[in-house]
Amino acid sequence: MAKITFETADGKEQTLEIANGLSVMEGAVKGMVTGIDADCGGACSCATCMVYVSPEWSERLPPQSSDEKAMLEFSPHVAETSRLSCQIKVVDELDGLRVKVPASQH
Amino acid sequence: MAAVESLVVIGAGHAAGQLVACLAQDGFAGAITLVGDEPHPPYQRPPLSKKFLAGEMDADRLYLKPAAFYDKYGAKLLLGRRVTRIDRQARTAVLEDGSQLEYSALVIATGSRPRRLALPGAELDGVFYLRGIDDVMTIRGRFAAGKSLVVVGGGYIGLELAAVAVRQGLRVSVLEQAPRLMARGVGAIVSRFYERLHREEGVVLHTGAAVLGFEGRNAVEHVVCGNDRVVADIVVIGAGAVPNVELAQEAGLTVENGIVVNERCLTGDPAIYAIGDCTNQFHPLFDRRLRFESVHNALEQARMVAAAICGRALPAIQVPWFWSDQYDVKLQMAGLPDKHTESVVRGNPDHGRCFSVFYLADGALIAVEAVNRAADFMMSKVLIAERAHVDRAKLADERVAVKDSRLV
């Protein structure tokens, strides 16, 4: 279980407790975080669950797979700190993670 | 249009679930009732023939939203129930027990169902179709290493199922009527690749196979195919889908390969929308009416209706896209290749598991099929949306990024 805070484009913050084993995306979708579409449901096929992770957290997350890298590279609104939230599995160590959600995934 | 006070949604699938989520986000104030014939709240279907079948994902994770979500937003779920009639005059949906749901707006999200094969023995125990959670639970319960599975139909669902089964140690045969696999979904190069892939993984494939029926005493034992009998402990039929349009048809709405809807998913009745697999809509990118069986379409049309109901601007039309996961191979497709005048291959489809096929019409990119090449897929989506003209030699050259093939 980890408490993860989502900062949406309208400046609002939402903190969710997400169970271990779920992805950050699954937690966000079930918790109704605005701006995470996750059209493919977590298959790393659509790049519509992108979030920005603060640099101090980036290093503590598991590294990107080549698929995630490729999907991100050409997704709109991408930045250096972008990750696909479907590819980040929740573990206790992620407690306190903060991510920013883009205004749009398209 | 006046504010919608009571919204009834017939169907509780992916499109219906997304619609409720969008309306909740938009602060929709009316009452929402979803009627679904399955006993489950809206869930994702794609994992059914993939991770869920493989036992790598619990049912809980299939559900689009937790039960509490529907309570919180005042959406009533009538599950395991069926609408038998739409009374357009009275603006009611009539349930099988005769009870009536009044609506100020109705959304038909009835989806599609597996195409049934009227073959002798199709009713035998052990012969299944795969559409819902319960189907997969039953099929999965029959899986055991060493058992013989015969898949009738070499489309996405049949092949995804074959991939999971063969990895679990079943003896798997796929019988496809057409001369090639996934013939309705992909081009010949990709079909040929998937034939090689499944053979490498140990699946026995027969294309051009004429399945004549099923035999067995108490349960299925053989599939009759031409002059052969193929041993089968389990049979799964994946022979495509047909749209559930009967309710709309009986209500007098226009149906032409799906319920005909306009750009905001409205039918000919200003109080009735339709979304998802059961619809037929003009697509501006392809300049014709189309019916899709895809998650992307279900989600996109749900967003259109939410926007229409809440009086927001319609979302921009996106390039349609699809995907299929089989073994370690991710196939991602965007656009529609059927009107192409030429194709360009990048990478080698005959070796390894990584290549793309691009489809062009009069010099413009109209579709892509990317096998384990997510970057090609992502860049092509952008180019297809722009109807960009592309340089064929650059497209074929793996050293050049796909985006740099754009001609200015």
# chains A, B, ... in the order shown; residues from 1 in each chain; ligands from 1
>>> residues_around(residues="region 75-89 of chain A", least_positions_apart="3", cutoff="6 Å", atoms="only C-alpha atoms", output="PyMOL selection string")
chain A and resi 21-25+42+49-53+72
>>> write_last_selection(atoms="C-alpha atoms", output="JSON list (two decimals), in the first residue's frame")
[["chain", "number", "residue", "atom", "x", "y", "z"],
["A", 21, "GLY", "CA", 0.45, -5.01, -7.14],
["A", 22, "LEU", "CA", -1.86, -2.55, -8.87],
["A", 23, "SER", "CA", -0.33, -0.07, -11.25],
["A", 24, "VAL", "CA", -0.33, 3.65, -10.51],
["A", 25, "MET", "CA", -2.66, 3.97, -13.51],
["A", 42, "GLY", "CA", -2.58, -1.06, -19.07],
["A", 49, "CYS", "CA", -1.85, 7.39, -18.94],
["A", 50, "MET", "CA", 1.24, 9.60, -19.03],
["A", 51, "VAL", "CA", 2.28, 11.43, -15.87],
["A", 52, "TYR", "CA", 5.21, 13.64, -14.89],
["A", 53, "VAL", "CA", 7.31, 12.32, -12.03],
["A", 72, "LEU", "CA", 6.58, 7.93, -24.64]]
>>> interface_residues(of="chain A", to="chain B", cutoff="12 Å", atoms="only C-alpha atoms", output="compact mmCIF listing (two decimals) with C-alpha atoms, in the first residue's frame")
# COMPACT_ATOMS: atom_id res chain seq x y z
CA ALA A 19 -2.79 -1.42 -3.02
CA GLY A 21 0.45 -5.01 -7.14
CA LEU A 22 -1.86 -2.55 -8.87
CA SER A 23 -0.33 -0.07 -11.25
CA MET A 25 -2.66 3.97 -13.51
CA GLU A 26 -5.17 1.47 -12.10
CA GLY A 27 -5.25 3.32 -8.82
CA ALA A 28 -5.76 6.64 -10.60
CA VAL A 29 -8.55 5.36 -12.84
CA LYS A 30 -10.46 3.75 -9.99
CA GLY A 31 -9.93 6.91 -7.93
CA MET A 32 -11.28 9.10 -10.76
CA VAL A 33 -8.17 11.18 -11.29
CA THR A 34 -8.99 13.61 -14.12
CA GLY A 35 -6.70 13.43 -17.13
CA ILE A 36 -5.59 9.80 -17.00
CA ASP A 37 -7.45 8.06 -19.82
CA ALA A 38 -5.68 4.68 -19.97
CA ASP A 39 -7.54 3.63 -23.10
CA CYS A 40 -5.79 0.27 -23.47
CA GLY A 41 -6.26 -0.64 -19.83
CA GLY A 42 -2.58 -1.06 -19.07
CA ALA A 43 -1.23 -2.97 -22.07
CA CYS A 44 1.43 -0.31 -22.83
CA SER A 45 -0.28 0.22 -26.17
CA CYS A 46 -1.76 3.70 -26.14
CA ALA A 47 0.31 6.16 -24.06
CA THR A 48 -2.81 7.83 -22.60
CA SER A 65 11.17 -0.86 -20.69
CA SER A 66 12.04 -0.28 -24.34
CA ASP A 67 8.31 -0.40 -25.15
CA GLU A 68 7.52 2.32 -22.64
CA LYS A 69 10.38 4.44 -23.93
CA ALA A 70 9.18 4.11 -27.52
CA MET A 71 5.57 4.88 -26.64
CA LEU A 72 6.58 7.93 -24.64
CA GLU A 73 9.02 9.36 -27.10
CA PHE A 74 6.27 10.26 -29.56
CA SER A 75 3.36 10.92 -27.28
CA PRO A 76 2.03 14.47 -27.13
CA SER A 104 -4.77 16.18 -22.06
CA GLN A 105 -3.39 12.84 -23.20
CA HIS A 106 -4.09 13.59 -26.86
>>> select_by_dssp(residues="chain A", states="alpha helix (DSSP H)", output="list in words")
Val24, Met25, Glu26, Gly27, Ala28, Val29, Lys30, Pro55, Glu56, Trp57, Ser58, Ser66, Asp67, Glu68, Lys69, Ala70, Met71, Leu72 and Glu73 of chain A
>>> residues_around(residues="Pro42 (chain B)", least_positions_apart="3", cutoff="12 Å", atoms="only C-alpha atoms", output="ChimeraX atom specification")
/B:9-21,34-39,45,59-67,69-70,77-79,109,132-133
>>> write_last_selection(atoms="N, CA and C atoms", output="mmCIF file, in the first residue's frame")
data_model
loop_
_atom_site.group_PDB
_atom_site.id
_atom_site.type_symbol
_atom_site.label_atom_id
_atom_site.label_comp_id
_atom_site.auth_asym_id
_atom_site.auth_seq_id
_atom_site.Cartn_x
_atom_site.Cartn_y
_atom_site.Cartn_z
ATOM 1 N N VAL B 9 -29.160 3.690 -20.079
ATOM 2 C CA VAL B 9 -28.172 3.106 -20.975
ATOM 3 C C VAL B 9 -28.480 1.618 -21.099
ATOM 4 N N ILE B 10 -28.709 1.167 -22.320
ATOM 5 C CA ILE B 10 -28.945 -0.269 -22.517
ATOM 6 C C ILE B 10 -27.602 -0.899 -22.846
ATOM 7 N N GLY B 11 -27.124 -1.733 -21.939
ATOM 8 C CA GLY B 11 -25.787 -2.296 -22.068
ATOM 9 C C GLY B 11 -24.932 -1.799 -20.918
ATOM 10 N N ALA B 12 -24.045 -2.649 -20.442
ATOM 11 C CA ALA B 12 -23.155 -2.254 -19.347
ATOM 12 C C ALA B 12 -21.746 -2.730 -19.666
ATOM 13 N N GLY B 13 -21.340 -2.486 -20.898
ATOM 14 C CA GLY B 13 -20.002 -2.882 -21.325
ATOM 15 C C GLY B 13 -19.023 -1.728 -21.227
ATOM 16 N N HIS B 14 -17.974 -1.829 -22.033
ATOM 17 C CA HIS B 14 -16.887 -0.856 -21.986
ATOM 18 C C HIS B 14 -17.373 0.560 -22.336
ATOM 19 N N ALA B 15 -18.190 0.642 -23.392
ATOM 20 C CA ALA B 15 -18.684 1.956 -23.825
ATOM 21 C C ALA B 15 -19.583 2.565 -22.748
ATOM 22 N N ALA B 16 -20.486 1.746 -22.202
ATOM 23 C CA ALA B 16 -21.406 2.234 -21.166
ATOM 24 C C ALA B 16 -20.638 2.701 -19.934
ATOM 25 N N GLY B 17 -19.646 1.918 -19.529
ATOM 26 C CA GLY B 17 -18.853 2.270 -18.349
ATOM 27 C C GLY B 17 -18.100 3.573 -18.550
ATOM 28 N N GLN B 18 -17.514 3.720 -19.737
ATOM 29 C CA GLN B 18 -16.781 4.958 -20.031
ATOM 30 C C GLN B 18 -17.721 6.156 -20.049
ATOM 31 N N LEU B 19 -18.929 5.950 -20.565
ATOM 32 C CA LEU B 19 -19.903 7.041 -20.616
ATOM 33 C C LEU B 19 -20.214 7.545 -19.202
ATOM 34 N N VAL B 20 -20.450 6.621 -18.279
ATOM 35 C CA VAL B 20 -20.740 7.035 -16.898
ATOM 36 C C VAL B 20 -19.546 7.787 -16.310
ATOM 37 N N ALA B 21 -18.340 7.266 -16.577
ATOM 38 C CA ALA B 21 -17.148 7.928 -16.048
ATOM 39 C C ALA B 21 -17.029 9.356 -16.586
ATOM 40 N N LEU B 34 -28.066 1.955 -15.794
ATOM 41 C CA LEU B 34 -27.460 1.047 -16.769
ATOM 42 C C LEU B 34 -28.142 -0.303 -16.651
ATOM 43 N N VAL B 35 -28.543 -0.854 -17.794
ATOM 44 C CA VAL B 35 -29.129 -2.193 -17.784
ATOM 45 C C VAL B 35 -28.194 -3.122 -18.552
ATOM 46 N N GLY B 36 -27.681 -4.158 -17.875
ATOM 47 C CA GLY B 36 -26.755 -5.071 -18.548
ATOM 48 C C GLY B 36 -27.184 -6.512 -18.371
ATOM 49 N N ASP B 37 -27.079 -7.314 -19.421
ATOM 50 C CA ASP B 37 -27.535 -8.700 -19.290
ATOM 51 C C ASP B 37 -26.512 -9.608 -18.622
ATOM 52 N N GLU B 38 -25.275 -9.144 -18.488
ATOM 53 C CA GLU B 38 -24.295 -9.927 -17.731
ATOM 54 C C GLU B 38 -24.416 -9.551 -16.251
ATOM 55 N N PRO B 39 -23.976 -10.457 -15.356
ATOM 56 C CA PRO B 39 -24.089 -10.128 -13.932
ATOM 57 C C PRO B 39 -22.992 -9.199 -13.423
ATOM 58 N N ARG B 45 -12.871 -5.829 -21.839
ATOM 59 C CA ARG B 45 -12.866 -7.140 -22.494
ATOM 60 C C ARG B 45 -11.496 -7.572 -23.039
ATOM 61 N N ALA B 59 -10.403 -10.871 -11.657
ATOM 62 C CA ALA B 59 -11.614 -10.226 -12.183
ATOM 63 C C ALA B 59 -11.729 -8.787 -11.663
ATOM 64 N N ASP B 60 -11.349 -8.587 -10.400
ATOM 65 C CA ASP B 60 -11.412 -7.240 -9.806
ATOM 66 C C ASP B 60 -10.703 -6.195 -10.655
ATOM 67 N N ARG B 61 -9.614 -6.626 -11.269
ATOM 68 C CA ARG B 61 -8.826 -5.670 -12.049
ATOM 69 C C ARG B 61 -9.413 -5.439 -13.429
ATOM 70 N N LEU B 62 -10.380 -6.275 -13.821
ATOM 71 C CA LEU B 62 -11.037 -6.046 -15.109
ATOM 72 C C LEU B 62 -12.051 -4.917 -15.016
ATOM 73 N N TYR B 63 -12.653 -4.779 -13.820
ATOM 74 C CA TYR B 63 -13.738 -3.802 -13.691
ATOM 75 C C TYR B 63 -13.230 -2.392 -13.937
ATOM 76 N N LEU B 64 -13.999 -1.630 -14.720
ATOM 77 C CA LEU B 64 -13.567 -0.273 -15.050
ATOM 78 C C LEU B 64 -13.535 0.602 -13.812
ATOM 79 N N LYS B 65 -14.563 0.438 -12.969
ATOM 80 C CA LYS B 65 -14.650 1.238 -11.742
ATOM 81 C C LYS B 65 -15.126 0.331 -10.625
ATOM 82 N N PRO B 66 -14.755 0.656 -9.381
ATOM 83 C CA PRO B 66 -15.282 -0.123 -8.260
ATOM 84 C C PRO B 66 -16.775 0.153 -8.063
ATOM 85 N N ALA B 67 -17.472 -0.767 -7.410
ATOM 86 C CA ALA B 67 -18.917 -0.626 -7.197
ATOM 87 C C ALA B 67 -19.256 0.707 -6.533
ATOM 88 N N PHE B 69 -18.058 3.510 -6.915
ATOM 89 C CA PHE B 69 -18.077 4.619 -7.862
ATOM 90 C C PHE B 69 -19.498 4.895 -8.357
ATOM 91 N N TYR B 70 -20.222 3.820 -8.707
ATOM 92 C CA TYR B 70 -21.567 3.998 -9.266
ATOM 93 C C TYR B 70 -22.514 4.553 -8.197
ATOM 94 N N LEU B 77 -27.150 0.396 -11.343
ATOM 95 C CA LEU B 77 -26.812 -0.709 -12.236
ATOM 96 C C LEU B 77 -27.874 -1.793 -12.111
ATOM 97 N N LEU B 78 -28.556 -2.083 -13.194
ATOM 98 C CA LEU B 78 -29.479 -3.216 -13.211
ATOM 99 C C LEU B 78 -28.771 -4.330 -13.974
ATOM 100 N N LEU B 79 -28.180 -5.262 -13.242
ATOM 101 C CA LEU B 79 -27.346 -6.277 -13.882
ATOM 102 C C LEU B 79 -28.087 -7.608 -13.959
ATOM 103 N N ALA B 109 -26.118 0.789 -26.042
ATOM 104 C CA ALA B 109 -24.711 0.364 -25.999
ATOM 105 C C ALA B 109 -24.698 -1.151 -25.867
ATOM 106 N N GLY B 132 -17.540 -13.082 -22.676
ATOM 107 C CA GLY B 132 -17.592 -12.437 -21.373
ATOM 108 C C GLY B 132 -16.735 -13.127 -20.328
ATOM 109 N N ILE B 133 -16.691 -12.530 -19.145
ATOM 110 C CA ILE B 133 -15.928 -13.079 -18.018
ATOM 111 C C ILE B 133 -16.329 -14.528 -17.752
#
>>> residues_around(residues="Val390 (chain B)", least_positions_apart="6", cutoff="7 Å", atoms="only C-alpha atoms", output="PDB file with N, CA and C atoms, in the first residue's frame")
ATOM      1  N   GLY B 363       0.160   8.223 -52.207  1.00  0.00           N
ATOM      2  CA  GLY B 363       1.320   8.862 -51.591  1.00  0.00           C
ATOM      3  C   GLY B 363       1.163   9.238 -50.128  1.00  0.00           C
ATOM      4  N   ALA B 364      -0.076   9.176 -49.609  1.00  0.00           N
ATOM      5  CA  ALA B 364      -0.305   9.550 -48.204  1.00  0.00           C
ATOM      6  C   ALA B 364      -0.386   8.296 -47.338  1.00  0.00           C
ATOM      7  N   LEU B 365       0.135   8.411 -46.115  1.00  0.00           N
ATOM      8  CA  LEU B 365       0.082   7.283 -45.185  1.00  0.00           C
ATOM      9  C   LEU B 365      -1.345   7.143 -44.651  1.00  0.00           C
ATOM     10  N   SER B 405      10.146  10.635 -42.496  1.00  0.00           N
ATOM     11  CA  SER B 405       9.764  10.254 -43.857  1.00  0.00           C
ATOM     12  C   SER B 405       8.709  11.211 -44.412  1.00  0.00           C
ATOM     13  N   ARG B 406       8.251  12.123 -43.570  1.00  0.00           N
ATOM     14  CA  ARG B 406       7.221  13.086 -44.000  1.00  0.00           C
ATOM     15  C   ARG B 406       7.760  13.992 -45.107  1.00  0.00           C
ATOM     16  N   LEU B 407       7.022  14.140 -46.188  1.00  0.00           N
ATOM     17  CA  LEU B 407       7.408  15.047 -47.269  1.00  0.00           C
ATOM     18  C   LEU B 407       6.746  16.395 -47.018  1.00  0.00           C
TER      19      LEU B 407
END
>>> residues_around(residues="Ala367 (chain B)", least_positions_apart="4", cutoff="12 Å", atoms="only C-alpha atoms", output="MDAnalysis selection string")
chainID B and resid 185:187 285:286 319:322 332:344 356:361 363 376:388
>>> atom_distance(atom1="CA of Arg142 (chain B)", atom2="CA of Gln168 (chain B)")
11.9 Å
>>> atom_distance(atom1="CA of Lys72 (chain B)", atom2="CA of Pro41 (chain B)")
14.6 Å
>>> select_by_dssp(residues="region 13-106 of chain A", states="strand (DSSP E)", output="ChimeraX atom specification")
/A:13-18,50-53,82-84,98-100
>>> write_last_selection(atoms="N, CA and C atoms", output="PDB file, in the first residue's frame")
ATOM      1  N   GLU A  13      -5.224  18.741  -6.056  1.00  0.00           N
ATOM      2  CA  GLU A  13      -4.443  17.580  -5.623  1.00  0.00           C
ATOM      3  C   GLU A  13      -5.365  16.498  -5.113  1.00  0.00           C
ATOM      4  N   GLN A  14      -4.980  15.276  -5.385  1.00  0.00           N
ATOM      5  CA  GLN A  14      -5.783  14.148  -4.921  1.00  0.00           C
ATOM      6  C   GLN A  14      -4.809  13.078  -4.433  1.00  0.00           C
ATOM      7  N   THR A  15      -4.961  12.659  -3.185  1.00  0.00           N
ATOM      8  CA  THR A  15      -4.079  11.611  -2.665  1.00  0.00           C
ATOM      9  C   THR A  15      -4.869  10.322  -2.518  1.00  0.00           C
ATOM     10  N   LEU A  16      -4.329   9.264  -3.081  1.00  0.00           N
ATOM     11  CA  LEU A  16      -5.028   7.975  -3.075  1.00  0.00           C
ATOM     12  C   LEU A  16      -4.155   6.928  -2.405  1.00  0.00           C
ATOM     13  N   GLU A  17      -4.798   6.032  -1.681  1.00  0.00           N
ATOM     14  CA  GLU A  17      -4.078   4.867  -1.173  1.00  0.00           C
ATOM     15  C   GLU A  17      -4.256   3.745  -2.184  1.00  0.00           C
ATOM     16  N   ILE A  18      -3.168   3.291  -2.734  1.00  0.00           N
ATOM     17  CA  ILE A  18      -3.249   2.272  -3.784  1.00  0.00           C
ATOM     18  C   ILE A  18      -2.567   0.997  -3.299  1.00  0.00           C
ATOM     19  N   MET A  50      -0.044   8.979 -19.319  1.00  0.00           N
ATOM     20  CA  MET A  50       1.242   9.600 -19.033  1.00  0.00           C
ATOM     21  C   MET A  50       1.149  10.541 -17.825  1.00  0.00           C
ATOM     22  N   VAL A  51       2.178  10.491 -16.988  1.00  0.00           N
ATOM     23  CA  VAL A  51       2.285  11.428 -15.865  1.00  0.00           C
ATOM     24  C   VAL A  51       3.719  11.967 -15.816  1.00  0.00           C
ATOM     25  N   TYR A  52       3.874  13.092 -15.111  1.00  0.00           N
ATOM     26  CA  TYR A  52       5.214  13.637 -14.889  1.00  0.00           C
ATOM     27  C   TYR A  52       5.629  13.314 -13.459  1.00  0.00           C
ATOM     28  N   VAL A  53       6.806  12.726 -13.336  1.00  0.00           N
ATOM     29  CA  VAL A  53       7.308  12.322 -12.026  1.00  0.00           C
ATOM     30  C   VAL A  53       8.415  13.285 -11.633  1.00  0.00           C
ATOM     31  N   SER A  82       8.521  12.322 -17.976  1.00  0.00           N
ATOM     32  CA  SER A  82       7.304  11.559 -18.271  1.00  0.00           C
ATOM     33  C   SER A  82       7.485  10.063 -18.007  1.00  0.00           C
ATOM     34  N   ARG A  83       6.422   9.464 -17.494  1.00  0.00           N
ATOM     35  CA  ARG A  83       6.348   7.999 -17.392  1.00  0.00           C
ATOM     36  C   ARG A  83       4.934   7.567 -17.757  1.00  0.00           C
ATOM     37  N   LEU A  84       4.789   6.323 -18.182  1.00  0.00           N
ATOM     38  CA  LEU A  84       3.451   5.760 -18.349  1.00  0.00           C
ATOM     39  C   LEU A  84       3.052   5.137 -17.016  1.00  0.00           C
ATOM     40  N   ARG A  98       4.683  11.584  -5.727  1.00  0.00           N
ATOM     41  CA  ARG A  98       3.860  12.663  -6.283  1.00  0.00           C
ATOM     42  C   ARG A  98       4.038  12.689  -7.791  1.00  0.00           C
ATOM     43  N   VAL A  99       2.924  12.759  -8.489  1.00  0.00           N
ATOM     44  CA  VAL A  99       3.008  12.877  -9.948  1.00  0.00           C
ATOM     45  C   VAL A  99       2.086  13.993 -10.417  1.00  0.00           C
ATOM     46  N   LYS A 100       2.437  14.576 -11.565  1.00  0.00           N
ATOM     47  CA  LYS A 100       1.586  15.595 -12.191  1.00  0.00           C
ATOM     48  C   LYS A 100       0.912  14.980 -13.406  1.00  0.00           C
TER      49      LYS A 100
END
>>> atom_distance(atom1="CA of Arg171 (chain B)", atom2="CA of Phe355 (chain B)")
28.5 Å
>>> residues_around(residues="Met182 (chain B)", least_positions_apart="5", cutoff="7 Å", atoms="only C-alpha atoms", output="count of residues only")
4
>>> decode(residues="region 95-115 of chain B", atoms="N, CA and C atoms", output="PDB file, in the first residue's frame")
ATOM      1  N   LEU B  95     -38.377  -3.753 -19.652  1.00  0.00           N
ATOM      2  CA  LEU B  95     -37.558  -4.903 -19.245  1.00  0.00           C
ATOM      3  C   LEU B  95     -38.350  -6.204 -19.417  1.00  0.00           C
ATOM      4  N   GLU B  96     -37.638  -7.333 -19.277  1.00  0.00           N
ATOM      5  CA  GLU B  96     -38.268  -8.630 -19.560  1.00  0.00           C
ATOM      6  C   GLU B  96     -39.410  -8.937 -18.593  1.00  0.00           C
ATOM      7  N   ASP B  97     -39.384  -8.349 -17.411  1.00  0.00           N
ATOM      8  CA  ASP B  97     -40.481  -8.603 -16.459  1.00  0.00           C
ATOM      9  C   ASP B  97     -41.624  -7.599 -16.650  1.00  0.00           C
ATOM     10  N   GLY B  98     -41.546  -6.812 -17.687  1.00  0.00           N
ATOM     11  CA  GLY B  98     -42.620  -5.866 -17.979  1.00  0.00           C
ATOM     12  C   GLY B  98     -42.435  -4.507 -17.334  1.00  0.00           C
ATOM     13  N   SER B  99     -41.480  -4.392 -16.412  1.00  0.00           N
ATOM     14  CA  SER B  99     -41.275  -3.084 -15.773  1.00  0.00           C
ATOM     15  C   SER B  99     -40.679  -2.118 -16.792  1.00  0.00           C
ATOM     16  N   GLN B 100     -40.898  -0.834 -16.543  1.00  0.00           N
ATOM     17  CA  GLN B 100     -40.510   0.174 -17.521  1.00  0.00           C
ATOM     18  C   GLN B 100     -39.583   1.211 -16.912  1.00  0.00           C
ATOM     19  N   LEU B 101     -38.611   1.607 -17.703  1.00  0.00           N
ATOM     20  CA  LEU B 101     -37.707   2.676 -17.277  1.00  0.00           C
ATOM     21  C   LEU B 101     -37.973   3.881 -18.161  1.00  0.00           C
ATOM     22  N   GLU B 102     -38.382   4.974 -17.529  1.00  0.00           N
ATOM     23  CA  GLU B 102     -38.604   6.189 -18.312  1.00  0.00           C
ATOM     24  C   GLU B 102     -37.281   6.865 -18.588  1.00  0.00           C
ATOM     25  N   TYR B 103     -37.157   7.423 -19.777  1.00  0.00           N
ATOM     26  CA  TYR B 103     -35.924   8.149 -20.086  1.00  0.00           C
ATOM     27  C   TYR B 103     -36.237   9.496 -20.714  1.00  0.00           C
ATOM     28  N   SER B 104     -35.342  10.457 -20.452  1.00  0.00           N
ATOM     29  CA  SER B 104     -35.377  11.655 -21.286  1.00  0.00           C
ATOM     30  C   SER B 104     -34.312  11.531 -22.375  1.00  0.00           C
ATOM     31  N   ALA B 105     -33.265  10.728 -22.102  1.00  0.00           N
ATOM     32  CA  ALA B 105     -32.325  10.345 -23.165  1.00  0.00           C
ATOM     33  C   ALA B 105     -31.971   8.880 -22.967  1.00  0.00           C
ATOM     34  N   LEU B 106     -31.851   8.205 -24.101  1.00  0.00           N
ATOM     35  CA  LEU B 106     -31.537   6.776 -24.074  1.00  0.00           C
ATOM     36  C   LEU B 106     -30.233   6.556 -24.846  1.00  0.00           C
ATOM     37  N   VAL B 107     -29.368   5.687 -24.321  1.00  0.00           N
ATOM     38  CA  VAL B 107     -28.151   5.319 -25.054  1.00  0.00           C
ATOM     39  C   VAL B 107     -28.165   3.811 -25.291  1.00  0.00           C
ATOM     40  N   ILE B 108     -28.100   3.434 -26.546  1.00  0.00           N
ATOM     41  CA  ILE B 108     -28.024   2.004 -26.870  1.00  0.00           C
ATOM     42  C   ILE B 108     -26.551   1.630 -26.958  1.00  0.00           C
ATOM     43  N   ALA B 109     -26.118   0.789 -26.042  1.00  0.00           N
ATOM     44  CA  ALA B 109     -24.711   0.364 -25.999  1.00  0.00           C
ATOM     45  C   ALA B 109     -24.698  -1.151 -25.867  1.00  0.00           C
ATOM     46  N   THR B 110     -25.375  -1.783 -26.826  1.00  0.00           N
ATOM     47  CA  THR B 110     -25.617  -3.223 -26.713  1.00  0.00           C
ATOM     48  C   THR B 110     -24.470  -4.069 -27.252  1.00  0.00           C
ATOM     49  N   GLY B 111     -23.481  -3.432 -27.891  1.00  0.00           N
ATOM     50  CA  GLY B 111     -22.285  -4.168 -28.285  1.00  0.00           C
ATOM     51  C   GLY B 111     -22.512  -5.181 -29.382  1.00  0.00           C
ATOM     52  N   SER B 112     -21.735  -6.229 -29.333  1.00  0.00           N
ATOM     53  CA  SER B 112     -21.849  -7.282 -30.340  1.00  0.00           C
ATOM     54  C   SER B 112     -21.782  -8.627 -29.636  1.00  0.00           C
ATOM     55  N   ARG B 113     -22.095  -9.667 -30.369  1.00  0.00           N
ATOM     56  CA  ARG B 113     -22.049 -11.016 -29.792  1.00  0.00           C
ATOM     57  C   ARG B 113     -21.296 -11.923 -30.763  1.00  0.00           C
ATOM     58  N   PRO B 114     -20.776 -13.032 -30.267  1.00  0.00           N
ATOM     59  CA  PRO B 114     -20.040 -13.917 -31.166  1.00  0.00           C
ATOM     60  C   PRO B 114     -20.948 -14.442 -32.279  1.00  0.00           C
ATOM     61  N   ARG B 115     -20.402 -14.539 -33.469  1.00  0.00           N
ATOM     62  CA  ARG B 115     -21.141 -15.146 -34.570  1.00  0.00           C
ATOM     63  C   ARG B 115     -21.258 -16.638 -34.281  1.00  0.00           C
TER      64      ARG B 115
END
